[in-house]
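Data block below; observations after.
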Amino acid sequence: MSAKIINGTEIAAQIRDELRREVAELKHQRGVVPGLVTILVGENPASVSYVTAKQKTSHELGFYSIQDNQPPDVSEEQLLKLIQGYNHDPKIHGILVQLPLPKHIDEKKVINAIDPDKDVDAFHPVNVGRLMIGGDEAKFLPCTPAGIQELIARSGYKTDGAEVVVVGRSNIVGKPIANILLQKAPKANATVTIVHTGTKDMASHCKRADILIVAAGVPNLVKPEWIKPGACVIDVGVNRVGEKISEKTGKKIAILKGDVDFDAAKEIAGAITPVPGGVGPMTITMLMANTVKAAKLAAGG
Ligand code: GUN
C-alpha cells in the first residue's frame with residue numbers, strides 16, 4: 001500500500017493560521033506587535049529569495065518587520081554594531097542574520113553577538129545549551145528541527161517510546177532534532193539513535209526505526225530496504241540534481257531530490273514527506289512561531 005504523503009505546505013498553512021490569530025490577540029489584548037529584523041549581507045540569490053520569503057510571511061502575519069540590506073563589503077565591526085542596535089531596540093523581538101556570510105566576517109562572532117532572547121534561529125550557544133537542558137529552559141527551538149517535530153505530531157505519529165533514527169549529525173538538523181525528541185516532554189520521549197558517516201552499518205539501524213529522519217545531504221542515500229514497513233519517514237534533504245523549465249513561470253528552476261528514494265520508499269513506509277513540499281515549508285513558519293514567542297516573553301510571558 002502506498003504511504004500517506006505528509007503535506008508540509010498544508011501543515012505550515014495551518015500553523016500560520018494559528019499564529020495569525022495569536023498575533024491579533026496579542027495586539028488587541030496587550031498592545032504587543034511581534035517585531036522581526038532580517039539582516040542580509042550582499043546579494044547571494046538563494047539568500048535574497050529566503051529573506052524575501054521570511055519578510056513576506058512576517059507581513060502576512062501582522063508583524064512589525066524590517067529588511068536590513070547591507071553591502072557585501074560591510075565590515076564585521078559595522079555588522080556587530082548593527083546587531084547591538086537591534087539588541088537594544090524594544091520594537092524588535094527577533095533578529096535573524098541570513099547565512100552564509102562573506103568570508104571576511106566570522107559567522108560565530110555574529111551569532112554570538114545576538115541577544116539569546118532575540119535569537120529566533122536558536123543558533124546562539126546559549127540556546128543550544130537551553131535546548132539540551134530542555135523543559136522551560138528551551139525558549140526557542142531551531143526552526144527546521146521544530147518543524148520536523150510538528151510534522152510528526154500533526155501527522156498522528158507518536159514519538160513517546162518510539163524508536164527514532166536520525167541520519168546525519170549536523171548542528172542545524174541532526175544534533176538538535178535528536179535532542180528535541182529525546183526530552184521527557186510531550187511530542188518527544190523517544191529512544192533516539194544518530195547514525196553518521198562513521199557508523200559501521202547504517203542500514204541495520206534504519207531498519208529498526210519507527211520514525212526515520214534523514215538529513216544527510218546525499219541524494220537517494222536511504223534505500224527502500226532500509227525502511228521498516230509502516231515507518232514514518234521524514235526527508236530533510238534538498239539536493240539540486242539538475243534544472244528544468246517551470247510550467248508556471250517558463251523560467252529555469254532546480255530539480256530537487258531528497259535523501260530518500262521517494263518512489264520506492266512510499267511503497268513501504270506508512271507516511272513520508274515529499275521533496276519539495278515536506279519539511280521545507282515548515283522552516284519559515286517555525287521562525288514566525290519563535291518570533292511570536294519572543295514577543296510574548298519580552299512582554300512578561
Ligand atoms: N541560511 C539558510 N538557512 C538559514 C536559516 O535557517 N537561518 C539563517 N540565519 N540563515 C540560513
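Note on naming: chains are A, B, ... as they come in the C-alpha cells, residues start from 1 per chain, ligands start from 1 in the order shown.
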
Practice prompt. Residues up to 9 Å from ligand 1, counting only C-alpha atoms and all ligand atoms: could you list those as a list in words?
Written response: Thr38, Ile39, Ala46, Ser47, Tyr50, Val51, Ile95, Leu96, Val97, Gln98, Leu99, Pro100, Leu101, Ile111, Val120, Asp121, Ala122, Phe123, Pro142, Cys143, Thr144, Ile172, Thr283, Ile284 and Leu287 of chain A

Selection near Ala299 in chain A, 9 Å with only C-alpha atoms, sequence-local residues under 3 positions removed, as a short mmCIF file (atom, residue, chain, number, x, y, z; two decimals) with N, CA and C atoms, in the first residue's frame:
```cif
data_model
loop_
_atom_site.label_atom_id
_atom_site.label_comp_id
_atom_site.auth_asym_id
_atom_site.auth_seq_id
_atom_site.Cartn_x
_atom_site.Cartn_y
_atom_site.Cartn_z
N ARG A 30 -2.89 43.06 24.55
CA ARG A 30 -1.70 43.51 25.30
C ARG A 30 -0.93 44.61 24.59
N VAL A 32 0.91 44.37 22.03
CA VAL A 32 2.25 43.90 21.61
C VAL A 32 2.21 43.47 20.15
N ALA A 294 9.06 35.07 21.28
CA ALA A 294 10.00 36.07 21.78
C ALA A 294 9.26 37.33 22.22
N ALA A 295 8.26 37.72 21.43
CA ALA A 295 7.48 38.93 21.77
C ALA A 295 6.72 38.71 23.07
N LYS A 296 6.14 37.53 23.22
CA LYS A 296 5.39 37.22 24.45
C LYS A 296 6.31 37.21 25.66
#
```

Fill in: Surrounding residues of Gln14 in chain A excluding itself and chain neighbours under 3 positions, 12 Å, only C-alpha atoms, as a PyMOL selection string
chain A and resi 7-11+17-21+150-151+154+281-282+285-286

For the selection just defined, write its residues with N, CA, C and O atoms to a file, as a tab-separated table (two decimals), in the first residue's frame.
```tsv
chain	number	residue	atom	x	y	z
A	7	ASN	N	1.94	16.41	4.01
A	7	ASN	CA	1.95	17.64	3.23
A	7	ASN	C	2.40	18.83	4.09
A	7	ASN	O	1.63	19.42	4.84
A	8	GLY	N	3.68	19.18	3.96
A	8	GLY	CA	4.26	20.26	4.76
A	8	GLY	C	3.65	21.61	4.42
A	8	GLY	O	3.53	22.48	5.29
A	9	THR	N	3.24	21.79	3.18
A	9	THR	CA	2.65	23.07	2.77
A	9	THR	C	1.34	23.28	3.53
A	9	THR	O	1.07	24.37	4.05
A	10	GLU	N	0.53	22.21	3.61
A	10	GLU	CA	-0.77	22.31	4.31
A	10	GLU	C	-0.58	22.50	5.82
A	10	GLU	O	-1.26	23.34	6.43
A	11	ILE	N	0.33	21.73	6.41
A	11	ILE	CA	0.53	21.83	7.86
A	11	ILE	C	1.11	23.20	8.22
A	11	ILE	O	0.71	23.83	9.20
A	17	ASP	N	-2.10	30.01	10.28
A	17	ASP	CA	-3.45	30.48	10.68
A	17	ASP	C	-3.52	30.65	12.19
A	17	ASP	O	-4.06	31.65	12.69
A	18	GLU	N	-2.98	29.66	12.91
A	18	GLU	CA	-2.98	29.74	14.38
A	18	GLU	C	-2.17	30.96	14.83
A	18	GLU	O	-2.57	31.69	15.74
A	19	LEU	N	-1.02	31.18	14.18
A	19	LEU	CA	-0.16	32.31	14.56
A	19	LEU	C	-0.84	33.65	14.28
A	19	LEU	O	-0.73	34.59	15.06
A	20	ARG	N	-1.54	33.71	13.12
A	20	ARG	CA	-2.24	34.96	12.76
A	20	ARG	C	-3.22	35.35	13.86
A	20	ARG	O	-3.30	36.52	14.25
A	21	ARG	N	-3.95	34.34	14.36
A	21	ARG	CA	-4.91	34.61	15.44
A	21	ARG	C	-4.18	35.05	16.71
A	21	ARG	O	-4.61	35.97	17.40
A	150	GLU	N	6.78	19.11	14.62
A	150	GLU	CA	5.37	19.41	14.35
A	150	GLU	C	4.81	18.51	13.26
A	150	GLU	O	3.67	18.04	13.35
A	151	LEU	N	5.60	18.27	12.20
A	151	LEU	CA	5.12	17.40	11.11
A	151	LEU	C	4.78	16.01	11.64
A	151	LEU	O	3.75	15.43	11.28
A	154	ARG	N	1.62	16.30	14.08
A	154	ARG	CA	0.37	16.63	13.40
A	154	ARG	C	-0.02	15.59	12.36
A	154	ARG	O	-1.12	15.64	11.82
A	281	PRO	N	8.60	23.91	3.76
A	281	PRO	CA	7.68	24.98	4.12
A	281	PRO	C	7.55	25.22	5.63
A	281	PRO	O	7.05	26.26	6.06
A	282	MET	N	8.00	24.24	6.43
A	282	MET	CA	7.85	24.38	7.89
A	282	MET	C	8.88	25.32	8.50
A	282	MET	O	8.64	25.91	9.55
A	285	THR	N	7.86	28.95	8.83
A	285	THR	CA	6.71	29.01	9.75
A	285	THR	C	7.18	28.93	11.21
A	285	THR	O	6.68	29.67	12.07
A	286	MET	N	8.15	28.07	11.49
A	286	MET	CA	8.62	27.95	12.87
A	286	MET	C	9.45	29.18	13.29
A	286	MET	O	9.47	29.53	14.47
```

Fill in: Proximity to Ala209 in chain A - best of A:Ala178, A:Glu60, A:Val164, A:Lys252, only C-alpha atoms
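Among the listed residues, A:Val164 lies closest to Ala209 in chain A.
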
Discussion item. List as a PyMOL selection string the protein and nucleic acid residues near range 132-141 of chain A, meaning an atom at most 10 Å away when only C-alpha atoms are counted, but skip any in the same chain fewer than 4 places from it.
Written reply: chain A and resi 116-123+126-128+145-147+175-180+182-185+286-287+289-291+293-294+297
